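Structure data (mmCIF, C-alpha atoms (C1' of nucleotides)) from my_file.cif:
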data_data
loop_
_atom_site.label_atom_id
_atom_site.label_comp_id
_atom_site.auth_asym_id
_atom_site.auth_seq_id
_atom_site.Cartn_x
_atom_site.Cartn_y
_atom_site.Cartn_z
CA MET V 21 0.00 0.00 0.00
CA ARG V 22 0.98 3.60 -0.59
CA ILE V 23 0.68 6.33 2.06
CA ALA V 24 1.48 9.98 1.51
CA SER V 25 1.38 13.46 3.02
CA TRP V 26 0.96 16.80 1.27
CA ASN V 27 0.68 20.34 2.61
CA VAL V 28 -1.59 21.82 -0.09
CA ASN V 29 -1.72 25.45 1.15
CA SER V 30 -5.47 25.83 0.49
CA LEU V 31 -7.48 22.83 -0.69
CA ARG V 32 -9.91 25.22 -2.41
CA VAL V 33 -7.14 26.35 -4.75
CA ARG V 34 -5.36 23.00 -5.00
CA LEU V 35 -8.32 20.58 -5.38
CA PRO V 36 -7.74 20.06 -9.12
CA GLN V 37 -4.09 19.22 -8.39
CA VAL V 38 -5.05 16.85 -5.57
CA LEU V 39 -7.53 15.05 -7.86
CA ASP V 40 -4.88 14.85 -10.58
CA TRP V 41 -2.27 13.51 -8.14
CA LEU V 42 -4.71 10.95 -6.69
CA ALA V 43 -5.59 9.69 -10.19
CA ARG V 44 -1.94 9.35 -11.15
CA ASN V 45 -0.64 7.83 -7.93
CA GLN V 46 -3.62 6.00 -6.39
CA PRO V 47 -2.44 6.29 -2.77
CA ASP V 48 -4.37 4.24 -0.19
CA LEU V 49 -4.01 7.08 2.30
CA LEU V 50 -3.25 10.77 1.74
CA ALA V 51 -2.83 13.17 4.68
CA LEU V 52 -3.40 16.84 3.84
CA GLN V 53 -2.37 19.94 5.78
CA GLU V 54 -3.29 23.62 5.45
CA THR V 55 -6.67 22.87 3.87
CA LYS V 56 -7.84 26.34 5.07
CA LEU V 57 -11.49 25.28 4.79
CA VAL V 58 -14.27 25.02 7.34
CA ASP V 59 -15.81 21.54 7.41
CA ALA V 60 -19.01 22.73 5.70
CA ASP V 61 -16.94 23.72 2.65
CA PHE V 62 -14.88 20.51 2.42
CA PRO V 63 -15.08 19.09 -1.15
CA ALA V 64 -16.15 15.63 0.03
CA ALA V 65 -18.39 14.94 -2.99
CA GLU V 66 -15.62 15.60 -5.53
CA LEU V 67 -13.22 13.36 -3.59
CA ALA V 68 -15.86 10.63 -3.15
CA ALA V 69 -16.33 10.66 -6.93
CA ALA V 70 -12.59 10.00 -7.18
CA GLY V 71 -13.00 6.98 -4.89
CA TYR V 72 -11.88 8.43 -1.57
CA HIS V 73 -13.43 8.63 1.87
CA CYS V 74 -12.65 11.88 3.69
CA LEU V 75 -12.03 12.82 7.28
CA TYR V 76 -11.38 16.47 8.04
CA SER V 77 -10.89 18.95 10.82
CA GLY V 78 -10.90 22.42 9.37
CA GLN V 79 -10.99 26.08 10.28
CA LYS V 80 -11.30 29.36 8.41
CA THR V 81 -8.23 30.88 6.73
CA TYR V 82 -5.53 28.97 8.63
CA ASN V 83 -4.46 25.39 9.36
CA GLY V 84 -6.89 22.52 8.73
CA VAL V 85 -6.04 18.82 8.28
CA ALA V 86 -7.70 15.98 6.38
CA ILE V 87 -7.20 12.31 5.54
CA LEU V 88 -8.30 10.86 2.20
CA SER V 89 -8.55 7.07 2.17
CA LYS V 90 -9.72 4.14 0.08
CA LEU V 91 -11.04 2.44 3.23
CA PRO V 92 -13.27 4.29 5.69
CA GLY V 93 -11.61 5.41 8.91
CA THR V 94 -12.42 4.37 12.47
CA GLY V 95 -11.65 5.79 15.91
CA VAL V 96 -11.33 9.39 14.74
CA LEU V 97 -9.52 11.90 16.97
CA THR V 98 -9.24 15.64 16.26
CA ASP V 99 -7.66 17.05 19.43
CA LEU V 100 -4.60 16.42 21.56
CA PRO V 101 -5.70 15.10 24.96
CA ASP V 102 -3.94 17.81 27.00
CA LEU V 103 -4.42 20.83 24.76
CA ASP V 104 -7.54 22.95 24.42
CA ASP V 105 -6.68 24.58 21.10
CA PRO V 106 -8.88 26.09 18.37
CA GLN V 107 -6.09 25.51 15.82
CA ARG V 108 -6.89 22.41 13.71
CA ARG V 109 -3.55 20.62 13.49
CA ILE V 110 -4.07 16.93 14.23
CA LEU V 111 -6.28 14.16 12.87
CA ALA V 112 -5.90 10.48 13.74
CA ALA V 113 -7.86 7.44 12.61
CA GLY V 114 -7.56 3.71 11.95
CA PHE V 115 -7.61 2.22 8.44
CA GLY V 116 -7.55 -1.57 8.32
CA ASP V 117 -4.58 -2.66 10.46
CA ILE V 118 -2.87 0.76 10.36
CA ARG V 119 -3.28 3.71 12.70
CA LEU V 120 -2.57 7.04 11.02
CA VAL V 121 -1.78 10.31 12.78
CA ASN V 122 -1.74 13.37 10.52
CA ILE V 123 -0.04 16.42 12.06
CA TYR V 124 0.51 20.03 11.04
CA VAL V 125 3.18 21.18 13.47
CA PRO V 126 3.17 24.94 14.15
CA ASN V 127 5.68 26.88 12.04
CA GLY V 128 7.08 28.78 15.02
CA SER V 129 7.74 32.05 13.14
CA GLU V 130 11.15 32.74 14.71
CA THR V 131 13.19 31.29 17.56
CA GLY V 132 12.39 32.91 20.88
CA SER V 133 8.96 34.16 19.77
CA GLY V 134 5.65 33.31 21.40
CA LYS V 135 4.80 31.16 18.39
CA TYR V 136 8.09 29.29 18.88
CA ALA V 137 7.15 28.53 22.50
CA TYR V 138 3.74 27.32 21.28
CA LYS V 139 5.48 25.09 18.73
CA LEU V 140 7.76 23.47 21.33
CA ASP V 141 4.84 23.01 23.73
CA TRP V 142 2.74 21.48 20.95
CA LEU V 143 5.59 19.11 20.07
CA SER V 144 5.94 18.10 23.72
CA LYS V 145 2.23 17.34 23.96
CA VAL V 146 2.08 15.43 20.67
CA THR V 147 5.06 13.33 21.79
CA ALA V 148 3.27 12.36 25.00
CA PHE V 149 0.17 11.54 22.98
CA LEU V 150 2.12 9.37 20.54
CA LYS V 151 3.67 7.37 23.39
CA ALA V 152 0.18 6.29 24.36
CA GLU V 153 -0.94 5.89 20.76
CA ILE V 154 1.90 3.52 19.79
CA ALA V 155 1.24 1.37 22.86
CA ARG V 156 -2.37 1.03 21.80
CA TYR V 157 -1.71 0.77 18.05
CA PRO V 158 1.68 -0.87 17.31
CA GLN V 159 1.21 -0.38 13.53
CA LEU V 160 1.46 3.41 13.70
CA ALA V 161 2.28 5.93 10.98
CA VAL V 162 2.79 9.59 11.91
CA LEU V 163 2.96 11.86 8.92
CA GLY V 164 2.52 15.48 7.99
CA ASP V 165 4.19 18.86 7.89
CA PHE V 166 6.55 18.76 10.87
CA ASN V 167 8.07 22.18 10.14
CA ILE V 168 11.44 20.72 11.23
CA ALA V 169 14.44 19.85 9.05
CA PRO V 170 15.89 16.96 11.08
CA ASP V 171 19.55 17.57 10.20
CA ASP V 172 21.83 19.53 7.90
CA ARG V 173 21.36 17.07 5.03
CA ASP V 174 17.79 18.35 4.93
CA VAL V 175 18.76 22.00 4.36
CA TYR V 176 20.04 23.60 1.14
CA ASP V 177 22.32 25.99 3.03
CA PRO V 178 22.95 24.76 6.59
CA ALA V 179 25.17 27.72 7.45
CA ALA V 180 22.52 30.26 6.44
CA TRP V 181 19.89 28.34 8.43
CA HIS V 182 22.08 27.61 11.48
CA GLU V 183 19.86 27.83 14.61
CA ASN V 184 17.15 29.43 12.47
CA ILE V 185 13.48 28.52 12.68
CA LEU V 186 12.80 24.98 11.33
CA CYS V 187 16.43 24.06 12.08
CA SER V 188 17.12 25.11 15.68
CA THR V 189 18.57 22.66 18.21
CA PRO V 190 15.43 22.55 20.40
CA GLU V 191 13.27 21.78 17.36
CA ARG V 192 15.66 19.06 16.20
CA GLN V 193 15.75 17.62 19.72
CA ALA V 194 11.95 17.55 19.69
CA PHE V 195 12.08 15.65 16.40
CA GLN V 196 14.48 13.13 17.95
CA GLY V 197 12.05 12.87 20.85
CA LEU V 198 9.33 11.87 18.40
CA LEU V 199 11.57 9.16 16.94
CA ALA V 200 12.39 7.97 20.47
CA VAL V 201 8.74 7.07 20.95
CA GLY V 202 9.52 4.20 18.56
CA LEU V 203 9.28 5.75 15.12
CA GLN V 204 11.62 5.82 12.14
CA ASP V 205 12.00 8.41 9.40
CA SER V 206 10.94 6.33 6.37
CA PHE V 207 12.93 8.57 4.02
CA ARG V 208 16.19 7.61 5.74
CA LEU V 209 15.50 3.88 5.59
CA PHE V 210 16.79 4.06 2.01
CA GLU V 211 19.73 5.46 0.07
CA GLN V 212 18.72 8.93 -1.12
CA PRO V 213 20.28 11.45 -3.47
CA ALA V 214 21.75 14.63 -1.96
CA ALA V 215 19.64 17.79 -1.72
CA CYS V 216 16.17 16.21 -1.50
CA PHE V 217 13.62 18.66 -0.13
CA SER V 218 9.85 18.81 0.42
CA TRP V 219 9.35 22.59 0.70
CA TRP V 220 10.67 25.50 -1.33
CA ASP V 221 9.91 29.14 -0.60
CA TYR V 222 7.69 30.82 -3.20
CA ARG V 223 10.06 33.75 -3.04
CA ALA V 224 13.36 34.16 -4.88
CA ALA V 225 12.62 31.29 -7.30
CA GLY V 226 13.33 28.80 -4.55
CA PHE V 227 12.12 25.74 -6.43
CA ARG V 228 13.93 26.49 -9.68
CA ARG V 229 17.18 26.90 -7.72
CA ASN V 230 16.38 23.95 -5.39
CA LEU V 231 16.66 26.18 -2.32
CA GLY V 232 14.56 23.91 -0.11
CA LEU V 233 14.17 22.13 3.19
CA ARG V 234 12.93 18.62 4.00
CA ILE V 235 10.28 19.36 6.62
CA ASP V 236 7.48 16.95 5.63
CA HIS V 237 7.88 13.42 6.91
CA VAL V 238 6.41 9.93 7.11
CA LEU V 239 7.42 8.29 10.41
CA LEU V 240 6.76 4.58 10.88
CA SER V 241 6.67 2.33 13.93
CA GLU V 242 8.95 -0.73 13.81
CA PRO V 243 6.32 -3.16 12.43
CA LEU V 244 5.52 -0.72 9.60
CA ALA V 245 9.19 0.14 8.98
CA LEU V 246 9.78 -3.58 8.40
CA ARG V 247 7.07 -3.48 5.73
CA CYS V 248 8.40 -0.32 4.08
CA THR V 249 9.84 -1.02 0.61
CA ALA V 250 10.41 2.55 -0.63
CA ALA V 251 10.15 6.19 0.43
CA GLY V 252 10.60 9.43 -1.41
CA ILE V 253 9.41 12.88 -2.39
CA ASP V 254 7.35 13.55 -5.53
CA LYS V 255 8.55 16.90 -6.82
CA THR V 256 6.23 16.72 -9.85
CA PRO V 257 3.33 18.83 -8.50
CA ARG V 258 5.71 21.52 -7.24
CA ALA V 259 6.52 22.27 -10.90
CA TRP V 260 2.84 22.63 -11.90
CA GLU V 261 1.17 25.99 -12.49
CA ARG V 262 0.10 27.73 -9.26
CA PRO V 263 1.57 25.04 -6.99
CA SER V 264 1.60 24.52 -3.26
CA ASP V 265 4.98 25.43 -1.78
CA HIS V 266 5.23 21.80 -0.52
CA ALA V 267 5.62 18.53 -2.46
CA PRO V 268 3.97 15.21 -1.50
CA VAL V 269 6.09 12.79 0.53
CA VAL V 270 5.39 9.08 0.00
CA ALA V 271 6.09 5.68 1.57
CA GLU V 272 5.31 2.23 0.15
CA LEU V 273 4.34 -0.60 2.51
CA SER V 274 4.15 -4.27 1.54
CA GLY V 275 1.09 -6.32 2.44
"C1'" DA S 87 18.25 43.62 8.20
"C1'" DT S 88 15.10 43.50 4.52
"C1'" DG S 89 12.57 41.71 0.89
"C1'" DG S 90 11.29 38.58 -2.15
"C1'" DT S 91 5.74 35.28 -3.25
"C1'" DG S 92 1.29 33.27 -2.23
"C1'" DG S 93 -3.53 32.56 0.30
"C1'" DC S 94 -7.16 34.80 2.42
"C1'" DG S 95 -9.90 38.56 1.79
"C1'" DC S 96 -9.69 43.43 1.10
"C1'" DG S 97 -5.79 45.38 5.63
"C1'" DG S 98 -2.75 42.75 7.58
"C1'" DC S 99 -1.57 38.17 9.13
"C1'" DC S 100 0.67 33.91 8.32
"C1'" DA S 101 3.88 30.95 6.08
#

Rewrite the structure from the file as structure tokens, please.
Amino acid sequence: MRIASWNVNSLRVRLPQVLDWLARNQPDLLALQETKLVDADFPAAELAAAGYHCLYSGQKTYNGVAILSKLPGTGVLTDLPDLDDPQRRILAAGFGDIRLVNIYVPNGSETGSGKYAYKLDWLSKVTAFLKAEIARYPQLAVLGDFNIAPDDRDVYDPAAWHENILCSTPERQAFQGLLAVGLQDSFRLFEQPAACFSWWDYRAAGFRRNLGLRIDHVLLSEPLALRCTAAGIDKTPRAWERPSDHAPVVAELSG
DNA sequence: ATGGTGGCGCGGCCA
């Protein structure tokens, strides 16, 4: 089976691209971030016509997460247990024998800011949640926009980004804390070319010059990592007209 | 240090 994550930066704008990508790639599960739609406006009919069930937790203008799936989901969760938060950033559900947790980690704005503190607090709370989740559901996949480049290989210019937002030591430690729950970065299970990224700034022709960061991830628990046969980033949609600033990240699981 | 672009929505915030 194929599972994927894509920050679409407005599902209203990107729906044609999502439908195109679904038709071409036929993922079993696709986690979306930054849908920027209230639930009443979610394009469930169009996606159902394409053969996908939809779960969504949206809000106006900002954030919003969704899961598109060939099988219907069960045991849906839309909030972290210890966080009363209007921001729609997490969506978890079961699909067959797999538990999926879709996350849109706060960007953090800049190190030392209030938003940065919120990001680190959010990461601490999601880590505690995932400890419980993996105990309950050993076949766990955690995927989404983590807004963290795990190490310097994931940054086009590590010196320019040194201790900057998305790359700071506390953020990277938080990412390692997520892995320590019992998760592996599927991308690094395989030999990868240098300079592979999942996000490129719209500004300064970032994509054309490959000035990117790898901040979108598919993390797998040990039983799923053993089933993982490939992982990568599909840069194709980033080159389309009026693209999202993120590309889909993908993992293939046997069985 | 700033600005560069894009989405939302029509001024300024967020990324």

Next on the checklist: For a test of reading the model, state the distance in Å between atom CA of V:Gly232 and atom CA of V:Gln53, rounded to one decimal.
Outcome noted: 18.4 Å

Next on the checklist: I need the chain V residues near chain S as a ChimeraX atom specification; criterion: at most 8 Å, counting only C-alpha atoms (C1' of nucleotides).
Outcome noted: /V:29-30,81-82,127,221-224

Item to check | Answer key for the PyMOL selection byres ((chain V and resi 270) around 7), residues as a PyMOL selection string | outcome: chain V and resi 23-25+251-253+268-269+271-272

Next on the checklist: Please compute the atom CA of V:Ser264-atom CA of V:Pro190 distance, one decimal, in Å.
Outcome noted: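 Answer for the atom CA of V:Ser264 to atom CA of V:Pro190 separation: 27.5 Å.
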
Expanded to explicit residues, what is the PyMOL selection byres ((chain V and resi 80) around 8) for this file, as a short mmCIF file (atom, residue, chain, number, x, y, z; two decimals) with C-alpha atoms, in the coordinates of the input?
data_model
loop_
_atom_site.label_atom_id
_atom_site.label_comp_id
_atom_site.auth_asym_id
_atom_site.auth_seq_id
_atom_site.Cartn_x
_atom_site.Cartn_y
_atom_site.Cartn_z
CA LYS V 56 -7.84 26.34 5.07
CA LEU V 57 -11.49 25.28 4.79
CA VAL V 58 -14.27 25.02 7.34
CA GLY V 78 -10.90 22.42 9.37
CA GLN V 79 -10.99 26.08 10.28
CA THR V 81 -8.23 30.88 6.73
CA TYR V 82 -5.53 28.97 8.63
CA ASN V 83 -4.46 25.39 9.36
#

Checklist entry - V:Asp99, V:Asp165, V:Asp48, V:Asp141: which is nearest V:His73, counting all atoms listed in the file? => result V:Asp48

Give me the box for stretch 94-101 of chain S as lines of an AutoDock Vina configuration file, namely the centre and edge lengths in Å to one decimal of a box along x, y and z that holds every listed atom plus 4 Å on each side.
center_x = -3.0
center_y = 38.2
center_z = 5.1
size_x = 21.8
size_y = 22.4
size_z = 16.0

Checklist entry - Could you work out how far atom CA of V:Thr189 lies from atom CA of V:Lys145, giving the answer in Å with one decimal? => result 18.1 Å

Item to check | Picked residues, the PyMOL selection byres ((chain V and resi 110) around 8), expected as a ChimeraX atom specification | outcome: /V:77,85,97-100,108-109,111-112,121-124

Grab the residues selected above and save them as a PDB file, in the coordinates of the input with C-alpha atoms.
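Generated output (selection-v1.pdb):
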ATOM      1  CA  SER V  77     -10.890  18.950  10.820  1.00  0.00           C
ATOM      2  CA  VAL V  85      -6.040  18.820   8.280  1.00  0.00           C
ATOM      3  CA  LEU V  97      -9.520  11.900  16.970  1.00  0.00           C
ATOM      4  CA  THR V  98      -9.240  15.640  16.260  1.00  0.00           C
ATOM      5  CA  ASP V  99      -7.660  17.050  19.430  1.00  0.00           C
ATOM      6  CA  LEU V 100      -4.600  16.420  21.560  1.00  0.00           C
ATOM      7  CA  ARG V 108      -6.890  22.410  13.710  1.00  0.00           C
ATOM      8  CA  ARG V 109      -3.550  20.620  13.490  1.00  0.00           C
ATOM      9  CA  LEU V 111      -6.280  14.160  12.870  1.00  0.00           C
ATOM     10  CA  ALA V 112      -5.900  10.480  13.740  1.00  0.00           C
ATOM     11  CA  VAL V 121      -1.780  10.310  12.780  1.00  0.00           C
ATOM     12  CA  ASN V 122      -1.740  13.370  10.520  1.00  0.00           C
ATOM     13  CA  ILE V 123      -0.040  16.420  12.060  1.00  0.00           C
ATOM     14  CA  TYR V 124       0.510  20.030  11.040  1.00  0.00           C
TER      15      TYR V 124
END

Next on the checklist: Can you tell me which residues surround stretch 169-181 of chain V at a distance of at most 7 Å, considering only C-alpha atoms (C1' of nucleotides), apart from same-chain residues fewer than 6 positions away, and format the answer as a list of chain:residue names?
Outcome noted: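 Residues meeting the cut-off are V:Cys187, V:Arg192, V:Phe195, V:Ala215, V:Cys216, V:Phe217, V:Leu231, V:Gly232, V:Leu233, V:Arg234, V:Ile235.
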
Next on the checklist: Need the shell around V:Leu67: protein/DNA/RNA residues with any atom at most 12 Å away, counting all atoms listed in the file. Skip same-chain ones fewer than 2 positions apart. Format as a list in words?
Outcome noted: Leu31, Leu35, Pro36, Gln37, Val38, Leu39, Asp40, Trp41, Leu42, Ala43, Leu50, Phe62, Pro63, Ala64, Ala65, Ala69, Ala70, Gly71, Tyr72, His73, Cys74, Leu75, Ala86, Ile87, Leu88, Ser89 and Lys90 of chain V

Include C-alpha atoms and write out the residues we just selected as a PDB file, in the coordinates of the input.
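result.pdb written:
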ATOM      1  CA  LEU V  31      -7.480  22.830  -0.690  1.00  0.00           C
ATOM      2  CA  LEU V  35      -8.320  20.580  -5.380  1.00  0.00           C
ATOM      3  CA  PRO V  36      -7.740  20.060  -9.120  1.00  0.00           C
ATOM      4  CA  GLN V  37      -4.090  19.220  -8.390  1.00  0.00           C
ATOM      5  CA  VAL V  38      -5.050  16.850  -5.570  1.00  0.00           C
ATOM      6  CA  LEU V  39      -7.530  15.050  -7.860  1.00  0.00           C
ATOM      7  CA  ASP V  40      -4.880  14.850 -10.580  1.00  0.00           C
ATOM      8  CA  TRP V  41      -2.270  13.510  -8.140  1.00  0.00           C
ATOM      9  CA  LEU V  42      -4.710  10.950  -6.690  1.00  0.00           C
ATOM     10  CA  ALA V  43      -5.590   9.690 -10.190  1.00  0.00           C
ATOM     11  CA  LEU V  50      -3.250  10.770   1.740  1.00  0.00           C
ATOM     12  CA  PHE V  62     -14.880  20.510   2.420  1.00  0.00           C
ATOM     13  CA  PRO V  63     -15.080  19.090  -1.150  1.00  0.00           C
ATOM     14  CA  ALA V  64     -16.150  15.630   0.030  1.00  0.00           C
ATOM     15  CA  ALA V  65     -18.390  14.940  -2.990  1.00  0.00           C
ATOM     16  CA  ALA V  69     -16.330  10.660  -6.930  1.00  0.00           C
ATOM     17  CA  ALA V  70     -12.590  10.000  -7.180  1.00  0.00           C
ATOM     18  CA  GLY V  71     -13.000   6.980  -4.890  1.00  0.00           C
ATOM     19  CA  TYR V  72     -11.880   8.430  -1.570  1.00  0.00           C
ATOM     20  CA  HIS V  73     -13.430   8.630   1.870  1.00  0.00           C
ATOM     21  CA  CYS V  74     -12.650  11.880   3.690  1.00  0.00           C
ATOM     22  CA  LEU V  75     -12.030  12.820   7.280  1.00  0.00           C
ATOM     23  CA  ALA V  86      -7.700  15.980   6.380  1.00  0.00           C
ATOM     24  CA  ILE V  87      -7.200  12.310   5.540  1.00  0.00           C
ATOM     25  CA  LEU V  88      -8.300  10.860   2.200  1.00  0.00           C
ATOM     26  CA  SER V  89      -8.550   7.070   2.170  1.00  0.00           C
ATOM     27  CA  LYS V  90      -9.720   4.140   0.080  1.00  0.00           C
TER      28      LYS V  90
END

Next on the checklist: Applying 10 Å and only C-alpha atoms (C1' of nucleotides), which residues near V:Ile185 remain after dropping the ones on its own chain fewer than 6 positions away? List them as a list in words.
Outcome noted: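 What passes the distance filter is Asn127, Gly128, Ser129, Glu130, Thr131, Gly132, Tyr136, Asn167, Ile168, Ala169 and Glu191 of chain V.
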